[in-house]
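This is structure.txt (compact mmCIF, C-alpha atoms).
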```txt
# COMPACT_ATOMS: atom_id res chain seq x y z
CA MET A 7 88.89 97.60 102.16
CA ASP A 8 89.49 94.09 100.86
CA LEU A 9 92.38 92.03 102.13
CA ILE A 10 94.54 92.16 99.01
CA ARG A 11 94.42 95.99 98.89
CA LYS A 12 95.50 96.16 102.54
CA ILE A 13 98.34 93.73 101.85
CA LEU A 14 99.52 95.69 98.80
CA ILE A 15 99.41 99.03 100.60
CA GLU A 16 101.37 97.65 103.57
CA THR A 17 103.92 95.98 101.27
CA GLU A 18 104.37 99.23 99.33
CA GLU A 19 104.87 101.19 102.55
CA GLU A 20 107.47 98.70 103.78
CA ILE A 21 109.37 98.73 100.47
CA ARG A 22 109.26 102.56 100.46
CA ARG A 23 110.67 102.60 104.01
CA LEU A 24 113.46 100.19 103.05
CA ASN A 25 114.26 102.22 99.93
CA LYS A 26 114.57 105.38 102.03
CA GLU A 27 117.04 103.61 104.31
CA ARG A 28 118.97 102.32 101.30
CA GLU A 29 119.16 105.80 99.78
CA GLU A 30 120.59 107.18 103.03
CA PHE A 31 123.35 104.57 102.84
CA GLY A 32 123.89 105.09 99.09
CA GLN A 33 122.59 101.62 98.25
CA VAL A 34 120.59 100.50 95.21
CA ARG A 35 116.80 100.77 95.49
CA ILE A 36 114.66 97.62 95.63
CA LYS A 37 113.49 96.68 92.15
CA LYS A 38 109.76 97.04 91.45
CA LEU A 39 108.03 93.87 92.66
CA LYS A 40 105.67 92.14 90.24
CA ILE A 41 103.02 90.00 91.93
CA THR A 42 100.79 87.72 89.88
CA LEU A 43 98.05 86.24 92.05
CA LEU A 44 96.84 82.72 91.30
CA GLY A 45 94.75 80.01 92.96
CA GLN A 46 91.88 80.45 95.41
CA PHE A 47 93.38 83.62 96.86
CA GLY A 48 93.55 85.03 93.33
CA LEU A 49 89.89 84.16 92.76
CA LEU A 50 88.76 85.80 96.00
CA SER A 51 90.87 88.90 95.24
CA ASN A 52 89.41 89.30 91.77
CA SER A 53 86.36 91.54 91.31
CA LYS A 54 85.63 89.57 88.12
CA PHE A 55 85.02 86.38 90.11
CA PRO A 56 81.25 85.78 90.22
CA PRO A 57 80.16 85.85 93.89
CA GLN A 58 77.46 83.23 93.28
CA ILE A 59 80.16 80.57 92.88
CA PRO A 60 80.80 79.16 96.36
CA LEU A 61 84.48 79.25 97.19
CA VAL A 62 86.58 78.03 100.11
CA ARG A 63 90.25 78.81 100.56
CA THR A 64 93.01 77.72 102.91
CA ASP A 65 95.51 80.27 104.23
CA ASP A 66 98.13 79.86 101.52
CA VAL A 67 98.71 82.49 98.86
CA ASP A 68 99.66 81.23 95.41
CA ALA A 69 101.48 83.89 93.42
CA PHE A 70 104.34 84.39 91.01
CA LEU A 71 106.78 86.89 92.50
CA ASP A 72 109.23 88.69 90.25
CA GLY A 73 111.68 91.09 91.88
CA ASP A 74 114.52 91.40 94.38
CA ILE A 75 114.81 89.03 97.34
CA ALA A 76 114.12 91.98 99.65
CA GLY A 77 110.88 92.90 97.86
CA LYS A 78 109.68 89.29 97.83
CA GLN A 79 110.51 88.98 101.52
CA CYS A 80 108.44 92.11 102.31
CA PHE A 81 105.41 90.52 100.63
CA ARG A 82 105.92 87.23 102.49
CA GLU A 83 106.19 89.06 105.84
CA ILE A 84 103.13 91.23 105.27
CA ILE A 85 100.87 88.33 104.29
CA LYS A 86 102.13 86.46 107.35
CA LYS A 87 100.94 89.38 109.49
CA HIS A 88 97.48 88.76 108.03
CA GLY A 89 97.52 85.07 109.00
CA LEU A 90 98.47 83.88 105.51
CA VAL A 91 101.47 82.03 104.15
CA TYR A 92 103.15 82.21 100.76
CA ASP A 93 103.10 78.90 98.89
CA GLU A 94 106.71 78.32 97.92
CA LEU A 95 105.59 75.87 95.23
CA SER A 96 103.64 78.57 93.40
CA ASP A 97 106.05 78.55 90.45
CA GLN A 98 104.91 75.00 89.66
CA ILE A 99 101.36 76.15 88.89
CA TRP A 100 100.34 75.66 85.28
CA ILE A 101 99.22 78.79 83.47
CA PRO A 102 97.23 77.97 80.33
CA PRO A 103 98.56 79.43 77.06
CA ASN A 104 96.90 82.71 76.03
CA ALA A 105 95.72 83.27 79.61
CA THR A 106 94.63 86.80 80.46
CA PHE A 107 95.29 88.82 83.62
CA SER A 108 93.63 91.80 85.31
CA GLU A 109 95.58 94.61 86.93
CA ILE A 110 94.87 95.22 90.61
CA SER A 111 97.42 97.88 91.39
CA ASP A 112 100.39 99.68 89.86
CA SER A 113 102.70 101.96 91.83
CA GLU A 114 106.39 102.86 91.87
CA GLU A 115 107.10 99.89 94.18
CA ILE A 116 104.63 97.19 93.11
CA PHE A 117 102.71 95.96 90.12
CA CYS A 118 100.01 93.44 91.00
CA CYS A 119 97.76 91.52 88.67
CA VAL A 120 95.58 88.45 88.95
CA LEU A 121 95.03 85.55 86.58
CA ASP A 122 91.47 85.84 85.25
CA PRO A 123 88.96 83.45 86.85
CA VAL A 124 88.28 81.26 83.83
CA PHE A 125 92.03 80.48 83.53
CA VAL A 126 92.46 79.80 87.26
CA LEU A 127 89.53 77.37 86.98
CA LEU A 128 90.93 75.79 83.81
CA SER A 129 94.31 75.27 85.50
CA LYS A 130 92.58 73.58 88.45
CA ALA A 131 90.36 71.46 86.18
CA ILE A 132 93.39 70.09 84.35
CA LYS A 133 96.03 69.83 87.11
CA SER A 134 94.06 69.26 90.31
CA LYS A 135 90.68 67.93 89.30
CA GLU A 136 89.88 65.77 92.32
CA LYS A 137 90.24 68.56 94.85
CA ASN A 138 88.30 70.98 92.64
CA ARG A 139 85.52 68.81 91.25
CA ARG A 140 82.70 70.80 92.88
CA LEU A 141 84.29 74.18 92.24
CA ILE A 142 84.57 73.39 88.52
CA ARG A 143 81.05 71.97 88.37
CA ASN A 144 79.59 75.07 90.01
CA SER A 145 81.70 77.32 87.80
CA LEU A 146 80.39 75.56 84.68
CA VAL A 147 76.92 76.78 85.65
CA VAL A 148 78.14 80.39 85.60
CA PHE A 149 80.81 80.38 82.88
CA GLY A 150 79.01 77.87 80.65
CA GLN A 151 80.44 76.98 77.26
CA SER A 152 83.55 79.21 77.46
CA LEU A 153 84.95 77.20 80.38
CA ALA A 154 83.66 73.87 79.10
CA GLU A 155 85.36 74.29 75.72
CA LEU A 156 88.68 75.20 77.31
CA ILE A 157 88.56 72.17 79.62
CA VAL A 158 87.93 69.86 76.65
CA LYS A 159 90.61 71.61 74.55
CA TYR A 160 93.27 70.87 77.20
CA GLY A 161 92.29 67.24 77.67
CA GLY A 162 89.84 67.43 80.58
CA GLU A 163 86.72 65.29 80.80
CA LEU A 164 83.60 67.30 81.57
CA GLU A 165 81.68 64.23 82.73
CA TYR A 166 84.15 63.82 85.63
CA PHE A 167 82.98 67.09 87.18
CA LEU A 168 79.34 66.10 86.93
CA GLU A 169 79.53 63.10 89.22
CA TRP A 170 78.01 63.63 92.64
CA GLY A 171 80.12 63.06 95.76
CA GLY A 172 83.47 61.25 95.63
CA MET B 57 76.84 63.88 76.43
CA GLN B 58 75.70 67.08 74.66
CA PHE B 59 76.78 70.38 76.16
CA ASP B 60 73.20 71.44 76.97
CA THR B 61 72.64 68.18 78.83
CA LEU B 62 75.92 68.66 80.71
CA LEU B 63 74.95 72.17 81.72
CA GLU B 64 71.52 71.00 82.89
CA ARG B 65 73.20 68.32 85.02
CA ALA B 66 75.64 70.90 86.46
CA LYS B 67 72.72 73.18 87.37
CA GLU B 68 70.85 70.32 89.02
CA LEU B 69 73.89 69.41 91.14
CA PHE B 70 74.58 73.08 91.94
CA GLU B 71 71.06 73.42 93.37
CA LYS B 72 71.34 70.15 95.31
CA GLU B 73 74.66 71.29 96.79
CA GLU B 74 73.27 74.75 97.59
CA LYS B 75 70.55 73.15 99.74
CA GLN B 76 73.16 71.04 101.52
CA ARG B 77 75.38 74.07 102.20
CA GLY B 78 72.47 75.55 104.16
CA THR B 79 72.08 72.55 106.47
CA ALA B 80 73.12 72.76 110.12
CA ARG B 81 75.70 69.98 109.67
CA VAL B 82 77.58 71.82 106.94
CA ARG B 83 77.30 75.23 108.60
CA ARG B 84 78.57 73.90 111.96
CA VAL B 85 81.60 72.19 110.41
CA MET B 86 82.50 75.14 108.19
CA THR B 87 82.01 77.68 111.00
CA PHE B 88 84.49 75.80 113.17
CA PHE B 89 87.21 75.74 110.51
CA VAL B 90 86.66 79.39 109.61
CA GLU B 91 86.68 80.45 113.29
CA ILE B 92 89.99 78.75 114.05
CA GLY B 93 91.41 80.45 110.97
CA LEU B 94 92.23 77.47 108.76
CA LEU B 95 89.63 78.20 106.07
CA ASP B 96 87.84 81.20 104.61
CA THR B 97 84.78 81.24 102.39
CA ASN B 98 82.43 83.55 100.51
CA TRP B 99 79.18 81.72 101.33
CA LEU B 100 78.96 80.71 104.98
CA LYS B 101 76.08 81.58 107.31
CA PRO B 102 77.86 80.83 110.60
CA LEU B 103 76.43 78.34 113.09
CA LYS B 104 78.48 77.64 116.20
CA ALA B 105 78.89 74.24 117.84
CA ASN B 106 80.84 73.22 120.93
CA VAL B 107 81.89 69.90 119.47
CA LEU B 108 81.83 68.37 116.00
CA LYS B 109 81.17 64.77 115.09
CA ILE B 110 84.08 63.39 113.09
CA GLU B 111 81.62 61.68 110.75
CA ASP B 112 80.08 65.10 109.97
CA VAL B 113 83.51 66.59 109.20
CA LEU B 114 84.29 63.70 106.86
CA TRP B 115 80.88 64.01 105.22
CA VAL B 116 81.41 67.72 104.52
CA ALA B 117 84.89 66.99 103.16
CA LYS B 118 83.46 64.35 100.83
CA ASN B 119 80.30 66.10 99.68
CA ILE B 120 80.89 69.84 99.95
CA GLU B 121 84.54 70.92 100.29
CA PRO B 122 87.65 68.70 100.09
CA ARG B 123 89.79 71.43 101.64
CA VAL B 124 88.12 70.52 104.95
CA LEU B 125 90.04 67.25 104.75
CA GLU B 126 93.28 69.14 104.05
CA VAL B 127 93.06 71.08 107.33
CA PHE B 128 91.23 68.47 109.45
CA PRO B 129 94.41 66.75 110.80
CA ALA B 130 95.73 70.12 112.01
CA ALA B 131 92.42 70.85 113.75
CA LEU B 132 92.24 67.40 115.35
CA ILE B 133 95.84 67.66 116.62
CA HIS B 134 95.42 71.17 118.04
CA TYR B 135 91.78 70.97 119.21
CA PRO B 136 91.21 67.29 120.10
CA LYS B 137 88.40 68.12 122.53
CA SER B 138 86.40 69.74 119.74
CA PHE B 139 85.77 66.40 118.03
CA LEU B 140 83.59 63.42 118.93
CA GLY B 141 83.76 59.88 117.58
CA LEU B 142 87.42 59.06 117.04
CA ASP B 143 86.27 55.51 116.27
CA LYS B 144 84.70 56.89 113.06
CA LEU B 145 88.14 57.92 111.79
CA PRO B 146 89.16 55.66 108.87
CA LEU B 147 92.25 53.61 109.70
CA GLU B 148 94.29 55.10 106.83
CA LEU B 149 93.51 58.65 107.93
CA ARG B 150 94.29 57.78 111.56
CA LYS B 151 97.73 56.51 110.48
CA ILE B 152 98.34 59.68 108.46
CA ILE B 153 97.45 61.85 111.44
CA ASP B 154 99.69 59.78 113.75
CA ASN B 155 102.58 60.19 111.29
CA ILE B 156 102.02 63.96 111.12
CA ARG B 157 101.90 64.15 114.91
CA LEU B 158 105.18 62.23 115.21
CA GLY B 159 106.91 64.26 112.49
CA ARG B 160 107.38 61.22 110.24
CA ALA B 161 107.60 61.27 106.42
CA VAL B 162 104.37 62.49 104.86
CA ASP B 163 104.49 61.60 101.16
CA GLY B 164 101.55 60.57 99.01
CA MET B 165 97.92 61.53 98.61
CA TYR B 166 94.73 60.80 100.53
CA LYS B 167 91.44 61.28 98.67
CA GLY B 168 92.93 63.86 96.32
CA ILE B 169 94.74 65.80 99.07
CA GLU B 170 98.53 65.89 99.38
CA ILE B 171 99.49 64.52 102.80
CA LYS B 172 102.41 66.98 103.04
CA LYS B 173 99.80 69.78 102.79
CA MET B 174 97.94 68.25 105.75
CA ALA B 175 101.25 68.20 107.68
CA PHE B 176 101.98 71.77 106.64
CA TRP B 177 98.81 73.08 108.32
CA ALA B 178 99.63 71.16 111.51
CA ASN B 179 102.89 73.15 111.63
CA PHE B 180 101.24 76.46 110.77
CA GLN B 181 100.82 79.21 113.37
CA LEU B 182 97.08 79.72 113.55
CA PRO B 183 95.94 83.35 113.60
CA ASP B 184 94.34 82.99 117.08
CA LYS B 185 97.81 82.21 118.59
CA ARG B 186 96.16 79.84 121.07
CA THR B 187 97.90 76.83 119.64
CA LYS B 188 101.55 76.16 118.93
CA PRO B 189 102.60 74.75 115.57
CA LEU B 190 103.39 71.07 115.98
CA ASN B 191 107.09 71.57 115.21
CA GLU B 192 107.37 74.12 118.05
CA GLN B 193 105.67 72.02 120.71
CA ARG B 194 107.82 70.62 123.53
CA VAL B 195 108.32 66.89 123.89
CA MET B 196 109.20 65.25 127.21
CA LYS B 197 112.47 63.26 127.04
CA THR B 198 114.47 61.67 129.87
CA PHE B 199 118.28 61.28 129.95
CA ARG B 200 120.60 59.80 132.57
CA PHE B 201 123.63 62.09 133.08
CA LYS B 202 126.60 61.81 135.46
CA PRO B 203 126.19 64.11 138.50
CA THR B 204 129.20 66.16 137.33
CA THR B 205 127.51 66.74 133.96
CA VAL B 206 124.27 67.80 135.66
CA LEU B 207 126.25 70.27 137.77
CA LYS B 208 128.04 71.65 134.71
CA ILE B 209 124.71 72.12 132.86
CA LYS B 210 123.27 73.91 135.90
CA GLN B 211 126.27 76.23 136.26
CA ALA B 212 126.53 77.01 132.52
CA ALA B 213 122.79 77.78 132.34
CA ALA B 214 123.00 80.07 135.38
CA LYS B 215 126.05 81.85 133.91
CA LYS B 216 124.19 82.50 130.63
CA GLY B 217 120.94 83.37 132.40
CA VAL B 218 118.92 80.77 130.49
CA SER B 219 117.07 77.60 131.44
CA GLU B 220 118.88 74.27 131.35
CA THR B 221 116.62 73.16 128.45
CA ALA B 222 117.47 76.32 126.49
CA LEU B 223 121.17 75.74 127.09
CA LEU B 224 121.02 72.14 125.86
CA GLU B 225 118.91 73.17 122.86
CA SER B 226 121.44 75.86 121.86
CA LEU B 227 124.27 73.31 122.12
CA VAL B 228 122.36 70.86 119.91
CA GLN B 229 121.58 73.59 117.37
CA ALA B 230 125.28 74.52 117.24
CA THR B 231 126.02 71.00 115.97
CA GLU B 232 123.79 71.45 112.88
```

Please express the file's structure as C-alpha cells.
Amino acid sequence: MDLIRKILIETEEEIRRLNKEREEFGQVRIKKLKITLLGQFGLLSNSKFPPQIPLVRTDDVDAFLDGDIAGKQCFREIIKKHGLVYDELSDQIWIPPNATFSEISDSEEIFCCVLDPVFVLLSKAIKSKEKNRRLIRNSLVVFGQSLAELIVKYGGELEYFLEWGG
Amino acid sequence: MQFDTLLERAKELFEKEEKQRGTARVRRVMTFFVEIGLLDTNWLKPLKANVLKIEDVLWVAKNIEPRVLEVFPAALIHYPKSFLGLDKLPLELRKIIDNIRLGRAVDGMYKGIEIKKMAFWANFQLPDKRTKPLNEQRVMKTFRFKPTTVLKIKQAAAKKGVSETALLESLVQATE
C-alpha cells in the first residue's frame, strides 16, 4: 500500500477513536478534515504523475488543511510517525487559477485530494524556478505544450529551464 | 525559440541527465541521503559507499538535484565522518553550516535554497533515531558557583529525584 493511503487510514482511525471518546463525554465530534496535497509529496502520491519523470523529495509534506485543530493535529502526528513533517508554510503556496484536483479518498472523517501534476509543476516553475529547473525541464518532455503554454501564460521563461547545470 | 526546438532541447538534456543519474557518483550520493532518511526518490538504483567526497555531493546538487544541497548541512553536522574533503567546501557554505551548528540567524538563500530550510533539517529527528536534532544536543558549559549554591543544587536534585542538569534546566525553563 502506498504511503499516503497508510497515512490516511491511520489518521481516519485516530479521528474515529477521538470522536468515540468525545461522544462518551457528550462533546462535539471533530469536523471532517479536508486535506489538499501539494508539492513533491503531492506529486509522488498522485497516480497521474508520470513515473518516467525523475523526482526527489525531502521529508516535508505540503498540504492545505481545513478542519478542526484536533483533526489537523492528528494528521501532523501520523505523518510524523512515518518520518515526515508538515510544512507549516504550506498556506503560502501559490495555486494557479483554474487548477484541477484529483480525489484520493473520501470518508466520514477525511476528504483528501491532490493538486494535479501539471499545476504543481506550474506553481514550482513560477514561484521556485531555481530549485526546480531540472524537474520542470524533464516534465516538459512528458507534458509538452500543455505545460509550456501555462508557464508562458503566467510569466515564466521557458528558455531558463533549458540551460544545463547552474 | 520555437516550441518544437525547445522540446527537442529538453529531450536532449533529459537524456544527458538520465545517463548521469546512472553513474556511480550520483548513485552513491543519492543512496546515502535516501538511507539516512533525508530524501526519497522514484528513480534510484542504490549504490552504497562508506564515505562521500564533498565535491561529489556538491556536483550532484548542482547538476542533478538541488534538494541535495538543502539537506547536506544536516548530513554533514550529524554524520561528519561520512564526508571527505572539507577543504572543498566553499567558504560561504562553510559559514552557513557554522551558523546552523551554532544556532545563529539563518536568513537568506544559497544557490536557490532557503538557508532556514537547511537549518530546519539539521533540527529534524531523522527516522533512524541514531542522531539527535541539533536543538536537542547537549552543550558543555562551565559555571563557578558558591559552595553553598552547589550544595543546594545537589540537595534539591536529590529531593526531586532528577539530575542536577535537569533541575537547572527546569528552573531556566520556568523563567520563560

Only residues of chain A matter here; which ones have an atom within 8 Å of chain B, counting only C-alpha atoms? Give them as a short mmCIF file (atom, residue, chain, number, x, y, z; two decimals) with C-alpha atoms, in the coordinates of the input.
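Result file selection-v5.cif:
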```cif
data_model
loop_
_atom_site.label_atom_id
_atom_site.label_comp_id
_atom_site.auth_asym_id
_atom_site.auth_seq_id
_atom_site.Cartn_x
_atom_site.Cartn_y
_atom_site.Cartn_z
CA PRO A 57 80.16 85.85 93.89
CA PRO A 60 80.80 79.16 96.36
CA LEU A 61 84.48 79.25 97.19
CA VAL A 62 86.58 78.03 100.11
CA ARG A 63 90.25 78.81 100.56
CA THR A 64 93.01 77.72 102.91
CA ASP A 65 95.51 80.27 104.23
CA HIS A 88 97.48 88.76 108.03
CA GLY A 89 97.52 85.07 109.00
CA GLU A 136 89.88 65.77 92.32
CA LYS A 137 90.24 68.56 94.85
CA ASN A 138 88.30 70.98 92.64
CA ARG A 140 82.70 70.80 92.88
CA ARG A 143 81.05 71.97 88.37
CA ASN A 144 79.59 75.07 90.01
CA LEU A 146 80.39 75.56 84.68
CA VAL A 147 76.92 76.78 85.65
CA GLY A 150 79.01 77.87 80.65
CA GLN A 151 80.44 76.98 77.26
CA LEU A 164 83.60 67.30 81.57
CA GLU A 165 81.68 64.23 82.73
CA LEU A 168 79.34 66.10 86.93
CA TRP A 170 78.01 63.63 92.64
CA GLY A 171 80.12 63.06 95.76
CA GLY A 172 83.47 61.25 95.63
#
```

| message | Would you compute the distance between CA of Ser51 in chain A and CA of Asp8 in chain A? Give it in Å to one decimal. | response | 7.8 Å

| said: List as an MDAnalysis selection string the protein and nucleic acid residues near Ala130 in chain B, meaning an atom at most 8 Å away when all atoms listed in the file are counted, but skip any in the same chain fewer than 3 places from it. | reply: chainID B and resid 127 133:134 174:175 177:179

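Summary of the local environment: counting all atoms listed in the file, residues at most 9 Å from range 164-166 of chain B, other than itself and those fewer than 4 positions away along its chain, are Glu148, Leu149, Ile152, Glu170, Ile171 and Lys172 of chain B.
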
| message | One decimal, in Å: what's the spacing between CA of Lys144 in chain B and CA of Glu111 in chain B? | response | 6.1 Å

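Atom pair CA of Leu132 in chain B / CA of Ile85 in chain A: separated by 25.2 Å.
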
| query | Can you tell me, as a PyMOL selection string, what residues are no more than 9 Å from Glu115 in chain A when counting all atoms listed in the file, ignoring any on the same chain fewer than 5 positions away? | reply | chain A and resi 17-19+21-22+36-40+77
